[in-house]
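Beneath this line is the structure, given in C-alpha cells, with notes to follow.
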Amino acid sequence: VAAAAAESPDLVLLDVMLPDLDGFEVVRRLRERQPVPVLFLTARDRQADKITGLSLGADDYVTKPFDLEELIARIRAILRRTSGHQAGVLMVGALTLDAEGHQVTWEGRPVRVSPTEFRLLRYLMENAGRVVSKAQILDRVWRYDFGGDASIVDTYISYLRRKVDIGEPKLIHTVHGVGYVMREPRR
C-alpha cells in the first residue's frame, strides 16, 4: 500500500493471499488513496472470492494456473481502458469528462451535473465497455456507508441519460438483471 502511494504505478498485480493483510484489504486501502487499476492473480478460485475482488473495485481477477499470454492481454486491456483516466480526461463518443477541472462537455458544450452525477459518470466512463453492477456503483459512487435503497442508482442513471446521453446512438445501456455499461458508439 505504501509502495503504491509512493510510486503511483500504472497497475497493481495483486494476490489475495498475502502474509499480513489479505489482497482484499489491500484493494480497500488502495481505493481510499488513489484510483490505481488492480488485477488479482491468485489461486483462490471460488466464485465468492472473484465477486468480492471485483466488487471491491479490482479491474480483473485471474486464477492460477494461468496462461501468460492471456494475462499480458488482460493487463494491456486494463491499461488501454485506464490510460485516459491517468491523464485526468475521459472521453466516450462526444462526451468528455475532465476530472481535474471537474467539467463535463457534450460535443464541446458544457453540461451541468451535480457532484453525485459527476462521480457516477466518471465511474461509468472509467469502466467503459465493462458492465458494472448496482452494488459496484453504490460502493464506488456512494461509498460503503450508504444506507439507502439501491434504486437510487436507477434514479441517477436516469438523470445522467437526460443530461449527457442525448445523441444517437446512446452511450449508457442497461444490462437487465446485471447493471449498466457505457459503450463507445459504433462507427
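The way I read the labels, and the way they are meant: chains A, B, ... in the order of the C-alpha cells, residue 1 as the first residue of every chain, and ligand 1 as the first ligand shown, with later ones counted on from there.
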*asked:* Could you pull out the helix (DSSP H, G or I) residues of region 43-148 of chain A, going by DSSP on the backbone, and write them as a VMD selection string?
replied: chain A and resid 47 to 55 68 to 87 115 to 126 134 to 142
*Write out as JSON, numbers by chain the residues lying within 12 Å of Pro169 (chain A), counting only C-alpha atoms and excluding same-chain residues fewer than 3 positions away.*
{"A": [92, 93, 94, 165, 166, 172, 173, 182, 183, 184, 185, 186, 187]}
*Please provide the set of residues having any atom within 10 Å of region 80-82 of chain A, restricted to only C-alpha atoms, with same-chain residues fewer than 5 positions apart removed, written as a PyMOL selection string.*
chain A and resi 10-11+35-37+59+74-75+87-88+90+125-130
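The neighbours of Arg119 (chain A) here are the residues that come within 10 Å of it, using only C-alpha atoms and leaving out any residue fewer than 3 positions away in the same chain; they are Ala99, His102, Val113, Ser114, Pro115, Thr116, Arg122, Tyr123, Leu124, Met125, Ile137, Arg140, Val141 and Trp142 of chain A.
Residues in contact range of Ile152 (chain A), defined as at most 12 Å between only C-alpha atoms, with sequence neighbours fewer than 3 positions away removed, read A:Thr116, A:Glu117, A:Leu120, A:Lys134, A:Ala135, A:Ile137, A:Leu138, A:Val141, A:Trp142, A:Phe146, A:Gly147, A:Gly148, A:Asp149, A:Thr155, A:Tyr156, A:Ile157, A:Ser158, A:Tyr159.
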Using only C-alpha atoms, please write the residues we just selected to a file, as a tab-separated table (two decimals), in the first residue's frame.
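Final output, part.tsv:
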chain	number	residue	atom	x	y	z
A	116	THR	CA	-23.01	12.72	-7.38
A	117	GLU	CA	-23.80	12.68	-11.10
A	120	LEU	CA	-21.32	8.27	-11.31
A	134	LYS	CA	-25.57	-1.58	-8.90
A	135	ALA	CA	-23.58	-2.88	-5.93
A	137	ILE	CA	-21.76	1.60	-8.36
A	138	LEU	CA	-23.06	2.06	-4.81
A	141	VAL	CA	-20.05	6.38	-6.01
A	142	TRP	CA	-21.97	6.44	-2.73
A	146	PHE	CA	-24.58	4.47	2.17
A	147	GLY	CA	-27.59	3.01	3.95
A	148	GLY	CA	-30.33	3.84	1.44
A	149	ASP	CA	-32.14	1.96	-1.28
A	155	THR	CA	-32.64	7.39	-10.48
A	156	TYR	CA	-29.20	8.87	-11.07
A	157	ILE	CA	-28.70	6.89	-14.28
A	158	SER	CA	-31.95	8.47	-15.47
A	159	TYR	CA	-30.66	11.94	-14.56
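Take CA of Arg46 (chain A) and CA of Thr63 (chain A): the distance between them is 9.4 Å.
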*Those in chain A with strand (DSSP E) from DSSP, as a VMD selection string*: chain A and resid 12 to 14 38 to 42 60 to 63 89 to 92 95 to 98 103 to 106 109 to 111 132 to 133 172 to 175 179 to 182
Quick one: write out the picked residues with N, CA, C and O atoms as a CSV table (one decimal), in the first residue's frame?
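Below is the file that was written, selection-v1.csv:
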chain,number,residue,atom,x,y,z
A,12,VAL,N,-1.5,-2.4,-10.5
A,12,VAL,CA,-1.1,-3.3,-9.4
A,12,VAL,C,-1.5,-4.7,-9.7
A,12,VAL,O,-2.7,-4.9,-9.9
A,13,LEU,N,-0.6,-5.6,-9.7
A,13,LEU,CA,-0.8,-7.0,-9.9
A,13,LEU,C,-0.8,-7.6,-8.4
A,13,LEU,O,0.3,-7.5,-7.8
A,14,LEU,N,-1.9,-8.2,-8.0
A,14,LEU,CA,-2.0,-8.5,-6.6
A,14,LEU,C,-2.6,-9.9,-6.3
A,14,LEU,O,-3.5,-10.3,-7.0
A,38,VAL,N,-6.2,-2.4,-10.6
A,38,VAL,CA,-5.8,-3.6,-9.9
A,38,VAL,C,-6.2,-4.9,-10.6
A,38,VAL,O,-7.4,-5.0,-11.0
A,39,LEU,N,-5.3,-5.8,-10.8
A,39,LEU,CA,-5.6,-7.1,-11.3
A,39,LEU,C,-5.2,-8.2,-10.3
A,39,LEU,O,-4.0,-8.2,-9.9
A,40,PHE,N,-6.2,-9.0,-9.8
A,40,PHE,CA,-5.9,-10.1,-8.9
A,40,PHE,C,-5.3,-11.2,-9.7
A,40,PHE,O,-5.9,-11.6,-10.7
A,41,LEU,N,-4.3,-11.8,-9.2
A,41,LEU,CA,-3.7,-13.0,-9.8
A,41,LEU,C,-3.5,-14.0,-8.6
A,41,LEU,O,-2.6,-13.8,-7.8
A,42,THR,N,-4.4,-15.0,-8.5
A,42,THR,CA,-4.4,-15.7,-7.3
A,42,THR,C,-4.9,-17.2,-7.5
A,42,THR,O,-5.5,-17.5,-8.5
A,60,ASP,N,-9.8,-6.7,-12.8
A,60,ASP,CA,-9.9,-8.1,-13.3
A,60,ASP,C,-9.5,-9.1,-12.2
A,60,ASP,O,-8.9,-8.7,-11.2
A,61,TYR,N,-9.8,-10.3,-12.4
A,61,TYR,CA,-9.5,-11.4,-11.5
A,61,TYR,C,-9.1,-12.6,-12.3
A,61,TYR,O,-9.9,-13.2,-13.0
A,62,VAL,N,-7.8,-13.0,-12.2
A,62,VAL,CA,-7.3,-14.2,-12.9
A,62,VAL,C,-6.9,-15.2,-11.9
A,62,VAL,O,-6.2,-14.9,-10.9
A,63,THR,N,-7.3,-16.5,-12.2
A,63,THR,CA,-6.9,-17.5,-11.2
A,63,THR,C,-5.7,-18.4,-11.8
A,63,THR,O,-5.5,-18.5,-13.0
A,89,VAL,N,-8.5,13.1,-18.2
A,89,VAL,CA,-9.6,13.4,-19.1
A,89,VAL,C,-10.1,12.1,-19.7
A,89,VAL,O,-9.3,11.3,-20.2
A,90,LEU,N,-11.4,11.9,-19.6
A,90,LEU,CA,-12.0,10.7,-20.1
A,90,LEU,C,-12.9,11.1,-21.3
A,90,LEU,O,-13.6,12.1,-21.2
A,91,MET,N,-12.9,10.2,-22.3
A,91,MET,CA,-13.7,10.5,-23.5
A,91,MET,C,-14.4,9.2,-23.9
A,91,MET,O,-13.8,8.2,-24.1
A,92,VAL,N,-15.7,9.4,-24.1
A,92,VAL,CA,-16.5,8.3,-24.7
A,92,VAL,C,-17.5,8.9,-25.7
A,92,VAL,O,-18.3,9.8,-25.3
A,95,LEU,N,-18.8,12.7,-25.6
A,95,LEU,CA,-18.8,13.0,-24.1
A,95,LEU,C,-17.4,13.1,-23.6
A,95,LEU,O,-16.6,12.2,-23.8
A,96,THR,N,-17.1,14.2,-22.9
A,96,THR,CA,-15.7,14.4,-22.3
A,96,THR,C,-15.9,14.7,-20.8
A,96,THR,O,-16.8,15.6,-20.5
A,97,LEU,N,-15.1,14.1,-20.0
A,97,LEU,CA,-15.1,14.4,-18.6
A,97,LEU,C,-13.7,14.8,-18.2
A,97,LEU,O,-12.8,14.0,-18.4
A,98,ASP,N,-13.5,16.0,-17.6
A,98,ASP,CA,-12.2,16.5,-17.2
A,98,ASP,C,-12.2,16.4,-15.6
A,98,ASP,O,-12.9,17.2,-15.0
A,103,GLN,N,-15.3,19.2,-15.0
A,103,GLN,CA,-16.1,19.7,-16.1
A,103,GLN,C,-16.5,18.5,-17.0
A,103,GLN,O,-15.8,17.6,-17.2
A,104,VAL,N,-17.8,18.6,-17.5
A,104,VAL,CA,-18.3,17.6,-18.4
A,104,VAL,C,-18.8,18.4,-19.6
A,104,VAL,O,-19.4,19.5,-19.5
A,105,THR,N,-18.4,17.9,-20.8
A,105,THR,CA,-18.9,18.5,-22.1
A,105,THR,C,-19.5,17.5,-23.0
A,105,THR,O,-19.0,16.3,-23.0
A,106,TRP,N,-20.5,17.9,-23.7
A,106,TRP,CA,-21.1,17.0,-24.8
A,106,TRP,C,-20.9,17.8,-26.1
A,106,TRP,O,-21.3,18.9,-26.2
A,109,ARG,N,-19.8,21.4,-25.7
A,109,ARG,CA,-20.7,22.3,-24.9
A,109,ARG,C,-20.7,21.8,-23.5
A,109,ARG,O,-20.9,20.6,-23.2
A,110,PRO,N,-20.6,22.7,-22.5
A,110,PRO,CA,-20.6,22.4,-21.1
A,110,PRO,C,-22.0,21.8,-20.7
A,110,PRO,O,-23.0,22.2,-21.2
A,111,VAL,N,-21.9,20.8,-19.8
A,111,VAL,CA,-23.1,20.1,-19.2
A,111,VAL,C,-23.0,20.3,-17.7
A,111,VAL,O,-22.0,19.9,-17.1
A,132,VAL,N,-21.0,-2.8,-15.1
A,132,VAL,CA,-20.9,-2.7,-13.6
A,132,VAL,C,-22.2,-2.8,-13.0
A,132,VAL,O,-23.2,-2.4,-13.4
A,133,SER,N,-22.2,-3.5,-11.8
A,133,SER,CA,-23.5,-3.8,-11.1
A,133,SER,C,-23.9,-2.6,-10.3
A,133,SER,O,-23.0,-1.7,-10.0
A,172,ILE,N,-25.1,5.1,-22.6
A,172,ILE,CA,-25.4,4.3,-21.3
A,172,ILE,C,-26.5,3.3,-21.6
A,172,ILE,O,-27.6,3.6,-22.1
A,173,HIS,N,-26.1,2.0,-21.4
A,173,HIS,CA,-27.0,0.9,-21.6
A,173,HIS,C,-27.3,0.1,-20.4
A,173,HIS,O,-26.4,-0.1,-19.5
A,174,THR,N,-28.5,-0.3,-20.3
A,174,THR,CA,-28.9,-1.2,-19.2
A,174,THR,C,-28.7,-2.6,-19.6
A,174,THR,O,-29.1,-3.0,-20.7
A,175,VAL,N,-28.1,-3.4,-18.7
A,175,VAL,CA,-27.9,-4.8,-18.9
A,175,VAL,C,-28.9,-5.5,-17.8
A,175,VAL,O,-28.5,-5.5,-16.7
A,179,GLY,N,-26.6,-4.8,-14.5
A,179,GLY,CA,-26.2,-3.5,-14.1
A,179,GLY,C,-26.2,-2.5,-15.3
A,179,GLY,O,-27.2,-2.6,-16.2
A,180,TYR,N,-25.2,-1.8,-15.5
A,180,TYR,CA,-25.1,-0.8,-16.6
A,180,TYR,C,-23.7,-0.8,-17.2
A,180,TYR,O,-22.8,-1.2,-16.6
A,181,VAL,N,-23.7,-0.4,-18.5
A,181,VAL,CA,-22.5,-0.3,-19.2
A,181,VAL,C,-22.5,0.9,-20.1
A,181,VAL,O,-23.5,1.3,-20.6
A,182,MET,N,-21.3,1.6,-20.2
A,182,MET,CA,-21.2,2.7,-21.1
A,182,MET,C,-20.4,2.2,-22.3
A,182,MET,O,-19.3,1.6,-22.1
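From CA of Glu32 (chain A) back to CA of Gly101 (chain A), the distance works out to 20.8 Å.
Put simply, CA of Gly108 (chain A) is 28.2 Å away from CA of Gln34 (chain A).
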